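This is run.pdb (PDB, C-alpha atoms and all ligand atoms).
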ATOM      1  CA  MET Y   1      61.481 119.998 109.333
ATOM      2  CA  GLU Y   2      63.656 117.545 107.418
ATOM      3  CA  ARG Y   3      66.887 116.652 109.235
ATOM      4  CA  LEU Y   4      70.067 117.764 107.445
ATOM      5  CA  ARG Y   5      71.725 114.785 105.798
ATOM      6  CA  ARG Y   6      75.474 115.290 106.114
ATOM      7  CA  VAL Y   7      77.769 114.039 103.363
ATOM      8  CA  ALA Y   8      81.249 112.661 104.033
ATOM      9  CA  ILE Y   9      84.132 111.556 101.864
ATOM     10  CA  VAL Y  10      86.117 108.729 103.461
ATOM     11  CA  THR Y  11      89.356 108.084 101.583
ATOM     12  CA  GLY Y  12      90.524 104.481 101.775
ATOM     13  CA  GLY Y  13      87.009 103.656 103.002
ATOM     14  CA  ALA Y  14      86.861 100.245 101.324
ATOM     15  CA  ARG Y  15      88.491  98.306 104.145
ATOM     16  CA  GLY Y  16      90.105  98.445 107.581
ATOM     17  CA  ILE Y  17      89.739 101.616 109.641
ATOM     18  CA  GLY Y  18      88.107 103.492 106.748
ATOM     19  CA  ARG Y  19      85.423 100.826 106.376
ATOM     20  CA  ALA Y  20      84.684 101.049 110.116
ATOM     21  CA  ILE Y  21      84.370 104.842 109.788
ATOM     22  CA  VAL Y  22      81.891 104.380 106.933
ATOM     23  CA  ALA Y  23      79.870 102.017 109.167
ATOM     24  CA  ALA Y  24      79.938 104.505 112.069
ATOM     25  CA  PHE Y  25      78.736 107.278 109.742
ATOM     26  CA  ALA Y  26      75.976 105.053 108.319
ATOM     27  CA  ALA Y  27      74.728 104.415 111.856
ATOM     28  CA  LYS Y  28      74.401 108.194 112.332
ATOM     29  CA  GLY Y  29      72.654 108.751 108.994
ATOM     30  CA  ILE Y  30      75.723 110.348 107.404
ATOM     31  CA  VAL Y  31      76.161 109.643 103.677
ATOM     32  CA  SER Y  32      79.594 108.240 102.753
ATOM     33  CA  VAL Y  33      81.472 108.615  99.504
ATOM     34  CA  ILE Y  34      83.909 105.720  99.695
ATOM     35  CA  ALA Y  35      86.945 107.027  97.807
ATOM     36  CA  ASP Y  36      89.411 104.212  97.274
ATOM     37  CA  ILE Y  37      91.964 103.012  94.755
ATOM     38  CA  ASP Y  38      90.345  99.544  94.965
ATOM     39  CA  LEU Y  39      86.974 100.144  93.290
ATOM     40  CA  GLU Y  40      85.798  96.534  93.543
ATOM     41  CA  VAL Y  41      86.085  96.400  97.339
ATOM     42  CA  ALA Y  42      84.782  99.975  97.660
ATOM     43  CA  GLU Y  43      81.665  99.065  95.653
ATOM     44  CA  LYS Y  44      81.084  96.019  97.835
ATOM     45  CA  ALA Y  45      81.319  98.243 100.930
ATOM     46  CA  ALA Y  46      78.852 100.743  99.417
ATOM     47  CA  ASP Y  47      76.434  97.895  98.590
ATOM     48  CA  GLU Y  48      76.613  96.695 102.209
ATOM     49  CA  VAL Y  49      75.883 100.195 103.520
ATOM     50  CA  ARG Y  50      72.884 100.593 101.200
ATOM     51  CA  ALA Y  51      71.619  97.123 102.197
ATOM     52  CA  SER Y  52      71.631  98.348 105.814
ATOM     53  CA  GLY Y  53      69.316 101.219 104.821
ATOM     54  CA  ALA Y  54      71.927 104.011 104.769
ATOM     55  CA  GLU Y  55      73.429 105.785 101.755
ATOM     56  CA  ALA Y  56      76.900 105.374 100.236
ATOM     57  CA  ILE Y  57      78.596 105.356  96.865
ATOM     58  CA  ALA Y  58      82.035 104.251  95.740
ATOM     59  CA  ILE Y  59      84.380 106.383  93.645
ATOM     60  CA  LYS Y  60      87.745 105.205  92.389
ATOM     61  CA  VAL Y  61      90.590 107.562  93.219
ATOM     62  CA  ASP Y  62      94.352 107.399  93.570
ATOM     63  CA  LEU Y  63      95.118 109.985  96.262
ATOM     64  CA  SER Y  64      98.574 110.575  94.798
ATOM     65  CA  CYS Y  65      96.961 112.143  91.688
ATOM     66  CA  THR Y  66      95.719 115.675  92.325
ATOM     67  CA  ASP Y  67      93.501 115.774  89.223
ATOM     68  CA  GLN Y  68      91.683 112.650  90.471
ATOM     69  CA  ILE Y  69      91.108 114.387  93.823
ATOM     70  CA  VAL Y  70      89.561 117.382  92.036
ATOM     71  CA  GLN Y  71      87.263 114.997  90.134
ATOM     72  CA  LEU Y  72      86.310 113.227  93.376
ATOM     73  CA  ILE Y  73      85.103 116.478  94.956
ATOM     74  CA  ASP Y  74      83.315 117.508  91.718
ATOM     75  CA  GLN Y  75      81.511 114.158  91.485
ATOM     76  CA  THR Y  76      80.498 114.347  95.145
ATOM     77  CA  MET Y  77      79.111 117.862  94.712
ATOM     78  CA  MET Y  78      77.275 116.867  91.520
ATOM     79  CA  ARG Y  79      75.713 113.850  93.223
ATOM     80  CA  TYR Y  80      74.812 115.284  96.653
ATOM     81  CA  GLY Y  81      75.174 119.069  96.313
ATOM     82  CA  ARG Y  82      77.196 119.355  99.536
ATOM     83  CA  LEU Y  83      80.269 118.104 101.346
ATOM     84  CA  ASP Y  84      80.400 118.356 105.136
ATOM     85  CA  ILE Y  85      83.070 115.917 106.287
ATOM     86  CA  LEU Y  86      86.389 114.762 104.842
ATOM     87  CA  VAL Y  87      88.221 111.859 106.445
ATOM     88  CA  ASN Y  88      91.779 111.612 105.118
ATOM     89  CA  ASN Y  89      92.202 107.949 105.988
ATOM     90  CA  ALA Y  90      93.880 106.324 102.962
ATOM     91  CA  GLY Y  91      97.492 105.492 103.612
ATOM     92  CA  ILE Y  92     100.186 102.983 102.817
ATOM     93  CA  LEU Y  93     102.771 101.463 105.111
ATOM     94  CA  SER Y  94     106.500 101.383 104.442
ATOM     95  CA  ASN Y  95     108.936  99.474 106.616
ATOM     96  CA  THR Y  96     112.109 100.000 104.566
ATOM     97  CA  PRO Y  97     114.868 101.392 106.841
ATOM     98  CA  TYR Y  98     116.358 104.862 106.281
ATOM     99  CA  ASP Y  99     119.631 103.473 104.884
ATOM    100  CA  GLN Y 100     117.890 101.276 102.312
ATOM    101  CA  ILE Y 101     114.841 103.188 101.098
ATOM    102  CA  ALA Y 102     114.825 104.150  97.410
ATOM    103  CA  GLU Y 103     113.654 107.552  96.219
ATOM    104  CA  ALA Y 104     110.645 106.062  94.406
ATOM    105  CA  GLU Y 105     109.342 104.410  97.595
ATOM    106  CA  TRP Y 106     109.857 107.605  99.609
ATOM    107  CA  ASP Y 107     107.949 109.592  96.953
ATOM    108  CA  ARG Y 108     105.062 107.101  96.745
ATOM    109  CA  VAL Y 109     104.561 107.055 100.535
ATOM    110  CA  LEU Y 110     104.739 110.846 100.854
ATOM    111  CA  ASP Y 111     102.477 111.344  97.801
ATOM    112  CA  ILE Y 112      99.665 109.217  99.245
ATOM    113  CA  ASN Y 113     100.083 109.794 102.980
ATOM    114  CA  LEU Y 114     100.848 113.530 102.897
ATOM    115  CA  LYS Y 115     100.373 115.228  99.520
ATOM    116  CA  GLY Y 116      96.972 113.538  99.127
ATOM    117  CA  VAL Y 117      95.908 114.920 102.518
ATOM    118  CA  LEU Y 118      96.764 118.498 101.553
ATOM    119  CA  PHE Y 119      95.066 118.432  98.160
ATOM    120  CA  ALA Y 120      91.973 116.555  99.325
ATOM    121  CA  SER Y 121      91.646 119.043 102.208
ATOM    122  CA  ARG Y 122      92.162 122.028  99.903
ATOM    123  CA  GLU Y 123      89.475 120.875  97.485
ATOM    124  CA  ALA Y 124      87.059 119.865 100.259
ATOM    125  CA  LEU Y 125      87.480 123.232 101.978
ATOM    126  CA  LYS Y 126      85.949 125.057  98.988
ATOM    127  CA  PRO Y 127      82.375 123.788  99.555
ATOM    128  CA  MET Y 128      82.890 123.747 103.348
ATOM    129  CA  LEU Y 129      83.877 127.430 103.380
ATOM    130  CA  ALA Y 130      80.866 128.250 101.209
ATOM    131  CA  GLN Y 131      78.595 126.351 103.651
ATOM    132  CA  GLY Y 132      80.255 127.770 106.779
ATOM    133  CA  TRP Y 133      80.465 124.293 108.354
ATOM    134  CA  GLY Y 134      82.933 121.485 107.912
ATOM    135  CA  ARG Y 135      84.944 118.754 109.547
ATOM    136  CA  ILE Y 136      88.317 117.442 108.370
ATOM    137  CA  ILE Y 137      89.774 114.481 110.215
ATOM    138  CA  SER Y 138      93.101 112.996 109.125
ATOM    139  CA  ILE Y 139      94.420 109.653 110.246
ATOM    140  CA  SER Y 140      97.989 110.084 111.428
ATOM    141  CA  SER Y 141      99.707 107.329 113.424
ATOM    142  CA  LEU Y 142     101.548 106.515 116.612
ATOM    143  CA  ALA Y 143     104.618 106.385 114.323
ATOM    144  CA  GLY Y 144     104.098 110.097 113.643
ATOM    145  CA  ARG Y 145     104.283 110.736 117.393
ATOM    146  CA  ASN Y 146     107.234 108.549 118.408
ATOM    147  CA  GLY Y 147     109.194 108.149 115.140
ATOM    148  CA  GLY Y 148     108.116 104.548 114.614
ATOM    149  CA  VAL Y 149     109.634 101.471 116.219
ATOM    150  CA  SER Y 150     109.344  98.711 113.606
ATOM    151  CA  ILE Y 151     108.269 101.168 110.902
ATOM    152  CA  GLY Y 152     110.283 102.956 108.214
ATOM    153  CA  PRO Y 153     111.205 106.650 108.018
ATOM    154  CA  ALA Y 154     108.937 107.526 105.072
ATOM    155  CA  TYR Y 155     105.849 106.367 106.959
ATOM    156  CA  ALA Y 156     106.884 107.992 110.259
ATOM    157  CA  ALA Y 157     107.759 111.282 108.543
ATOM    158  CA  SER Y 158     104.554 111.344 106.490
ATOM    159  CA  LYS Y 159     102.404 110.756 109.579
ATOM    160  CA  ALA Y 160     104.265 113.387 111.632
ATOM    161  CA  ALA Y 161     103.795 115.847 108.763
ATOM    162  CA  VAL Y 162     100.047 115.150 108.753
ATOM    163  CA  ILE Y 163      99.984 116.539 112.299
ATOM    164  CA  GLY Y 164     101.756 119.750 111.220
ATOM    165  CA  LEU Y 165      99.411 120.117 108.261
ATOM    166  CA  THR Y 166      96.384 119.545 110.500
ATOM    167  CA  ARG Y 167      97.415 122.349 112.855
ATOM    168  CA  HIS Y 168      98.205 124.678 109.951
ATOM    169  CA  LEU Y 169      94.810 124.165 108.317
ATOM    170  CA  ALA Y 170      92.984 124.274 111.661
ATOM    171  CA  ARG Y 171      94.210 127.848 112.257
ATOM    172  CA  LYS Y 172      93.355 128.943 108.718
ATOM    173  CA  VAL Y 173      89.675 127.966 108.889
ATOM    174  CA  ALA Y 174      88.928 128.192 112.613
ATOM    175  CA  ARG Y 175      86.617 131.231 112.166
ATOM    176  CA  ASN Y 176      84.602 129.541 109.428
ATOM    177  CA  GLY Y 177      82.776 126.824 111.373
ATOM    178  CA  ILE Y 178      85.321 124.256 110.227
ATOM    179  CA  THR Y 179      87.441 122.079 112.492
ATOM    180  CA  VAL Y 180      90.543 120.170 111.412
ATOM    181  CA  ASN Y 181      91.842 117.386 113.632
ATOM    182  CA  ALA Y 182      94.067 114.327 113.508
ATOM    183  CA  VAL Y 183      93.619 110.904 115.054
ATOM    184  CA  ALA Y 184      96.793 108.919 115.739
ATOM    185  CA  PRO Y 185      96.049 105.193 116.113
ATOM    186  CA  GLY Y 186      98.457 102.682 117.534
ATOM    187  CA  THR Y 187      98.644  99.224 115.992
ATOM    188  CA  THR Y 188      95.131  98.315 114.893
ATOM    189  CA  GLU Y 189      93.752  95.018 113.575
ATOM    190  CA  THR Y 190      93.611  95.583 109.782
ATOM    191  CA  ASP Y 191      95.222  94.242 106.599
ATOM    192  CA  ILE Y 192      97.937  96.928 106.753
ATOM    193  CA  ILE Y 193      99.794  95.035 109.502
ATOM    194  CA  LYS Y 194      99.651  91.602 107.872
ATOM    195  CA  GLY Y 195     103.302  91.981 106.754
ATOM    196  CA  PHE Y 196     104.538  91.828 110.364
ATOM    197  CA  SER Y 197     106.096  88.533 111.494
ATOM    198  CA  GLU Y 198     104.710  86.553 114.426
ATOM    199  CA  ASP Y 199     107.680  87.641 116.578
ATOM    200  CA  GLU Y 200     107.063  91.297 115.713
ATOM    201  CA  MET Y 201     103.382  90.924 116.633
ATOM    202  CA  VAL Y 202     104.255  89.387 119.999
ATOM    203  CA  ALA Y 203     106.664  92.264 120.672
ATOM    204  CA  ILE Y 204     104.033  94.857 119.677
ATOM    205  CA  ASN Y 205     101.351  93.258 121.880
ATOM    206  CA  ASN Y 206     103.750  93.114 124.824
ATOM    207  CA  ALA Y 207     104.616  96.793 124.405
ATOM    208  CA  ILE Y 208     100.981  97.933 124.591
ATOM    209  CA  PRO Y 209      99.980  98.694 128.206
ATOM    210  CA  VAL Y 210      96.393  97.601 127.549
ATOM    211  CA  GLY Y 211      97.831  94.310 126.242
ATOM    212  CA  ARG Y 212      96.075  94.070 122.894
ATOM    213  CA  LEU Y 213      95.795  95.714 119.474
ATOM    214  CA  GLY Y 214      93.226  98.362 118.705
ATOM    215  CA  LYS Y 215      90.031  97.595 116.794
ATOM    216  CA  PRO Y 216      89.005  99.628 113.729
ATOM    217  CA  GLU Y 217      85.674 100.414 115.443
ATOM    218  CA  GLU Y 218      87.555 102.060 118.327
ATOM    219  CA  ILE Y 219      89.195 104.491 115.915
ATOM    220  CA  ALA Y 220      85.956 105.022 113.999
ATOM    221  CA  ALA Y 221      84.018 105.992 117.137
ATOM    222  CA  MET Y 222      86.400 108.908 117.767
ATOM    223  CA  VAL Y 223      86.272 110.005 114.132
ATOM    224  CA  ALA Y 224      82.460 110.003 114.260
ATOM    225  CA  PHE Y 225      82.562 112.151 117.404
ATOM    226  CA  LEU Y 226      85.017 114.638 115.856
ATOM    227  CA  ALA Y 227      82.694 114.844 112.840
ATOM    228  CA  SER Y 228      79.717 115.817 115.012
ATOM    229  CA  ASP Y 229      78.335 119.195 116.119
ATOM    230  CA  SER Y 230      79.356 118.334 119.688
ATOM    231  CA  ALA Y 231      83.051 118.560 118.729
ATOM    232  CA  ALA Y 232      82.858 122.179 117.485
ATOM    233  CA  PHE Y 233      85.426 123.443 120.044
ATOM    234  CA  ILE Y 234      88.030 120.776 119.240
ATOM    235  CA  THR Y 235      90.365 121.893 116.473
ATOM    236  CA  GLY Y 236      94.054 121.390 115.725
ATOM    237  CA  ALA Y 237      94.015 118.446 118.130
ATOM    238  CA  VAL Y 238      95.759 115.119 117.814
ATOM    239  CA  ILE Y 239      93.825 112.342 119.516
ATOM    240  CA  ASP Y 240      96.038 109.386 120.476
ATOM    241  CA  ILE Y 241      94.289 106.010 120.468
ATOM    242  CA  ASN Y 242      96.936 103.421 121.254
ATOM    243  CA  GLY Y 243      96.163 101.448 124.418
ATOM    244  CA  GLY Y 244      98.578 103.605 126.411
ATOM    245  CA  MET Y 245     101.628 103.082 124.224
ATOM    246  CA  TYR Y 246     102.217 106.831 123.803
ATOM    247  CA  MET Y 247     100.963 109.164 126.495
ATOM    248  CA  GLY Y 248     102.415 112.457 125.247
TER
HETATM  249  N1  LIG Y 301      96.237  99.564 111.123
HETATM  250  C1  LIG Y 301      97.139 100.191 111.857
HETATM  251  O1  LIG Y 301      97.825  99.594 112.704
HETATM  252  C2  LIG Y 301      97.320 101.687 111.720
HETATM  253  C3  LIG Y 301      97.998 102.370 112.745
HETATM  254  C4  LIG Y 301      98.168 103.743 112.632
HETATM  255  C5  LIG Y 301      97.694 104.421 111.529
HETATM  256  N2  LIG Y 301      97.033 103.733 110.547
HETATM  257  C6  LIG Y 301      96.555 104.510 109.405
HETATM  258  O2  LIG Y 301      95.163 104.329 109.276
HETATM  259  C7  LIG Y 301      94.785 104.495 107.904
HETATM  260  C8  LIG Y 301      93.975 103.291 107.471
HETATM  261  O3  LIG Y 301      94.793 102.136 107.613
HETATM  262  P1  LIG Y 301      94.241 100.650 107.620
HETATM  263  O4  LIG Y 301      94.990  99.930 108.676
HETATM  264  O5  LIG Y 301      92.759 100.636 107.626
HETATM  265  O6  LIG Y 301      94.812 100.168 106.200
HETATM  266  P2  LIG Y 301      94.226  99.180 105.072
HETATM  267  O7  LIG Y 301      95.395  98.817 104.251
HETATM  268  O8  LIG Y 301      93.411  98.113 105.717
HETATM  269  O9  LIG Y 301      93.262 100.137 104.258
HETATM  270  C9  LIG Y 301      93.758 101.237 103.520
HETATM  271  C10 LIG Y 301      92.802 101.572 102.405
HETATM  272  O10 LIG Y 301      93.378 102.660 101.659
HETATM  273  C11 LIG Y 301      93.273 102.371 100.268
HETATM  274  N3  LIG Y 301      94.341 103.054  99.539
HETATM  275  C12 LIG Y 301      95.664 102.748  99.538
HETATM  276  N4  LIG Y 301      96.331 103.547  98.711
HETATM  277  C13 LIG Y 301      95.417 104.404  98.165
HETATM  278  C14 LIG Y 301      95.490 105.472  97.228
HETATM  279  N5  LIG Y 301      96.646 105.803  96.620
HETATM  280  N6  LIG Y 301      94.359 106.142  96.911
HETATM  281  C15 LIG Y 301      93.183 105.769  97.467
HETATM  282  N7  LIG Y 301      93.039 104.764  98.340
HETATM  283  C16 LIG Y 301      94.154 104.088  98.691
HETATM  284  C17 LIG Y 301      93.382 100.852 100.189
HETATM  285  O11 LIG Y 301      92.849 100.341  98.962
HETATM  286  C18 LIG Y 301      92.604 100.410 101.428
HETATM  287  O12 LIG Y 301      91.226 100.223 101.136
HETATM  288  C19 LIG Y 301      96.105 104.653 107.135
HETATM  289  O13 LIG Y 301      96.350 106.026 106.905
HETATM  290  C20 LIG Y 301      97.140 104.080 108.078
HETATM  291  O14 LIG Y 301      98.407 104.607 107.852
HETATM  292  C21 LIG Y 301      96.837 102.393 110.625
END
What does this structure look like when you write it as structure tokens?
Amino acid sequence: MERLRRVAIVTGGARGIGRAIVAAFAAKGIVSVIADIDLEVAEKAADEVRASGAEAIAIKVDLSCTDQIVQLIDQTMMRYGRLDILVNNAGILSNTPYDQIAEAEWDRVLDINLKGVLFASREALKPMLAQGWGRIISISSLAGRNGGVSIGPAYAASKAAVIGLTRHLARKVARNGITVNAVAPGTTETDIIKGFSEDEMVAINNAIPVGRLGKPEEIAAMVAFLASDSAAFITGAVIDINGGMYMG
């Protein structure tokens, strides 16, 4: 009997944590649709996956545009005929303090980090409900748990809201073979943190009990587990991966 080939959409899968998730999926034979605003880097990532013998394609999408999300799901269904896993990973950082942030920046952060998660999940749930199996994993953040230390209010609020949305959706589809979970990484070695000064990085490292930053692969390993059959009884959970910085 041919083994079922699961199909995943990984938003923001071109680089950083998303790219590591795509690699973890490839290692398990899961097909990745790398959905990223940066098509050039996404295509390079898809080429690398195919060169390793696994399957991936790149699709350009801006997660703040709902019509582009609808097209992303349509194109995935046309190409592979199924959608099993959605990883809401794409996100942007915002460090502007609460008393300085402009409305446009607030809207942009919330549109990508929160609105995109709802609409991508809503569209992905249609084929998942029809199949009676699905996994949605959204990348929240330590800032969504503790309010953010050197991070702005738009980012912290968007990532906290992702947790509320995760629990809401988890209840709605719990009887349909679909789990919805969030992963909340602490500071992880990717491009998103390159704006931090050397002093800020020293302070962050010192504040982490384990004494170092996280690695994208360490986040990806948990996402791959949550996407598996073995994780069927985990839903509405928030998994903290932060070297002990937040222990609940
Ligand atoms: N790196 C960290 O320290 C850290 C900590 C906690 C949470 N996170 C979260 O993890 C996720 C991945 O972060 P990362 O560190 O890998 O970031 P990154 O900047 O390295 O990668 C983000 C990816 O998302 C894509 N993207 C950005 N805006 C998009 C949009 N509008 N539509 C589609 N794609 C878009 C980018 O092109 C990029 O490929 C984010 O949600 C981030 O908030 C990161």
Set the cut-off to 6 Å, count only C-alpha atoms and all ligand atoms, and list whatever residues fall near ligand LIG 301 (chain Y) as a PyMOL selection string.
chain Y and resi 11-18+36-38+61-64+89-92+112+139-142+185-193
For this file, the PyMOL selection byres (((chain Y and resi 86) around 6) and not hetatm) selects which residues, as a list in words?
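This file, filtered by the PyMOL selection byres (((chain Y and resi 86) around 6) and not hetatm), leaves Ala8, Ile9, Ile85, Val87 and Ile136 of chain Y.
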Output C-alpha atoms for every residue in that selection, as a compact mmCIF listing (two decimals), in the frame of the given file.
# COMPACT_ATOMS: atom_id res chain seq x y z
CA ALA Y 8 81.25 112.66 104.03
CA ILE Y 9 84.13 111.56 101.86
CA ILE Y 85 83.07 115.92 106.29
CA VAL Y 87 88.22 111.86 106.44
CA ILE Y 136 88.32 117.44 108.37
Compare Y:Ala143, Y:Leu125, Y:Tyr155, Y:Ala56 by their minimum atom-to-atom distance to Glu105 of chain Y, counting all atoms listed in the file, and give me the closest one.
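Ranking Y:Ala143, Y:Leu125, Y:Tyr155, Y:Ala56 by distance to Glu105 of chain Y, first place goes to Y:Tyr155.
Note that the spacing between atom CA of Asn88 of chain Y and atom CA of Leu169 of chain Y amounts to 13.3 Å.
Closest approach to Lys44 of chain Y among Y:Ala227, Y:Leu4, Y:Ile59, Y:Ile30 is made by Y:Ile59 (distances from all atoms listed in the file).
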Name the closest residue to Lys159 of chain Y among the candidates Y:Val238, Y:Ala174, Y:Ile219, Y:Ile73; distances are taken between atoms, counting all atoms listed in the file.
Y:Val238
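Considering all atoms listed in the file, the residue among Y:Ala182, Y:Ala207, Y:Val49, Y:Val70 positioned nearest to Ala23 of chain Y is Y:Val49.
Interatomic distance, atom CA of Lys28 of chain Y to atom CA of Leu72 of chain Y: 22.9 Å.
When atom CA of Gly243 of chain Y is paired with atom CA of Asn146 of chain Y, their separation reads 14.5 Å.
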Selection result for the PyMOL selection byres (((chain Y and resi 46) around 12) and not hetatm) on this file, as a ChimeraX atom specification:
/Y:10,13-15,19,22-23,26,31-36,39-45,47-59
Written as an mmCIF file with C-alpha atoms, in the frame of the given file, what is the full residue list that the PyMOL selection byres (((chain Y and resi 168) around 12) and not hetatm) yields on the file shown?
data_model
loop_
_atom_site.group_PDB
_atom_site.id
_atom_site.type_symbol
_atom_site.label_atom_id
_atom_site.label_comp_id
_atom_site.auth_asym_id
_atom_site.auth_seq_id
_atom_site.Cartn_x
_atom_site.Cartn_y
_atom_site.Cartn_z
ATOM 1 C CA LEU Y 118 96.764 118.498 101.553
ATOM 2 C CA SER Y 121 91.646 119.043 102.208
ATOM 3 C CA ALA Y 161 103.795 115.847 108.763
ATOM 4 C CA VAL Y 162 100.047 115.150 108.753
ATOM 5 C CA ILE Y 163 99.984 116.539 112.299
ATOM 6 C CA GLY Y 164 101.756 119.750 111.220
ATOM 7 C CA LEU Y 165 99.411 120.117 108.261
ATOM 8 C CA THR Y 166 96.384 119.545 110.500
ATOM 9 C CA ARG Y 167 97.415 122.349 112.855
ATOM 10 C CA LEU Y 169 94.810 124.165 108.317
ATOM 11 C CA ALA Y 170 92.984 124.274 111.661
ATOM 12 C CA ARG Y 171 94.210 127.848 112.257
ATOM 13 C CA LYS Y 172 93.355 128.943 108.718
ATOM 14 C CA VAL Y 173 89.675 127.966 108.889
ATOM 15 C CA ALA Y 174 88.928 128.192 112.613
ATOM 16 C CA THR Y 179 87.441 122.079 112.492
ATOM 17 C CA VAL Y 180 90.543 120.170 111.412
ATOM 18 C CA ASN Y 181 91.842 117.386 113.632
ATOM 19 C CA ALA Y 182 94.067 114.327 113.508
ATOM 20 C CA THR Y 235 90.365 121.893 116.473
ATOM 21 C CA GLY Y 236 94.054 121.390 115.725
ATOM 22 C CA ALA Y 237 94.015 118.446 118.130
#
Distance criterion (all atoms listed in the file): nearest to Met245 of chain Y out of Y:Ile101, Y:Ala221, Y:Ile21, Y:Val210:
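When distances to Met245 of chain Y are compared using all atoms listed in the file, the smallest one comes from Y:Val210.
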Listed atoms of segment 125-137 of chain Y, axis-aligned box, 4 Å per side: centre and edge lengths to one decimal in Å, as lines of an AutoDock Vina configuration file?
center_x = 84.2
center_y = 121.4
center_z = 104.6
size_x = 19.2
size_y = 21.8
size_z = 19.2
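Selecting by distance to (93.2, 108.0, 118.4) with a limit of 6 Å and using only C-alpha atoms, one obtains Val183, Ala184, Pro185, Ile219, Ile239, Asp240 and Ile241 of chain Y.
Using only C-alpha atoms, the smallest distance between any of Y:Ala156, Y:Thr76, Y:Ala232, Y:Leu226 and Arg175 of chain Y comes from Y:Ala232.
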Residues near Ser94 of chain Y, cut-off 7 Å, all atoms listed in the file, skip fewer than 4 positions along chain, as a PyMOL selection string:
chain Y and resi 151-152+154-155
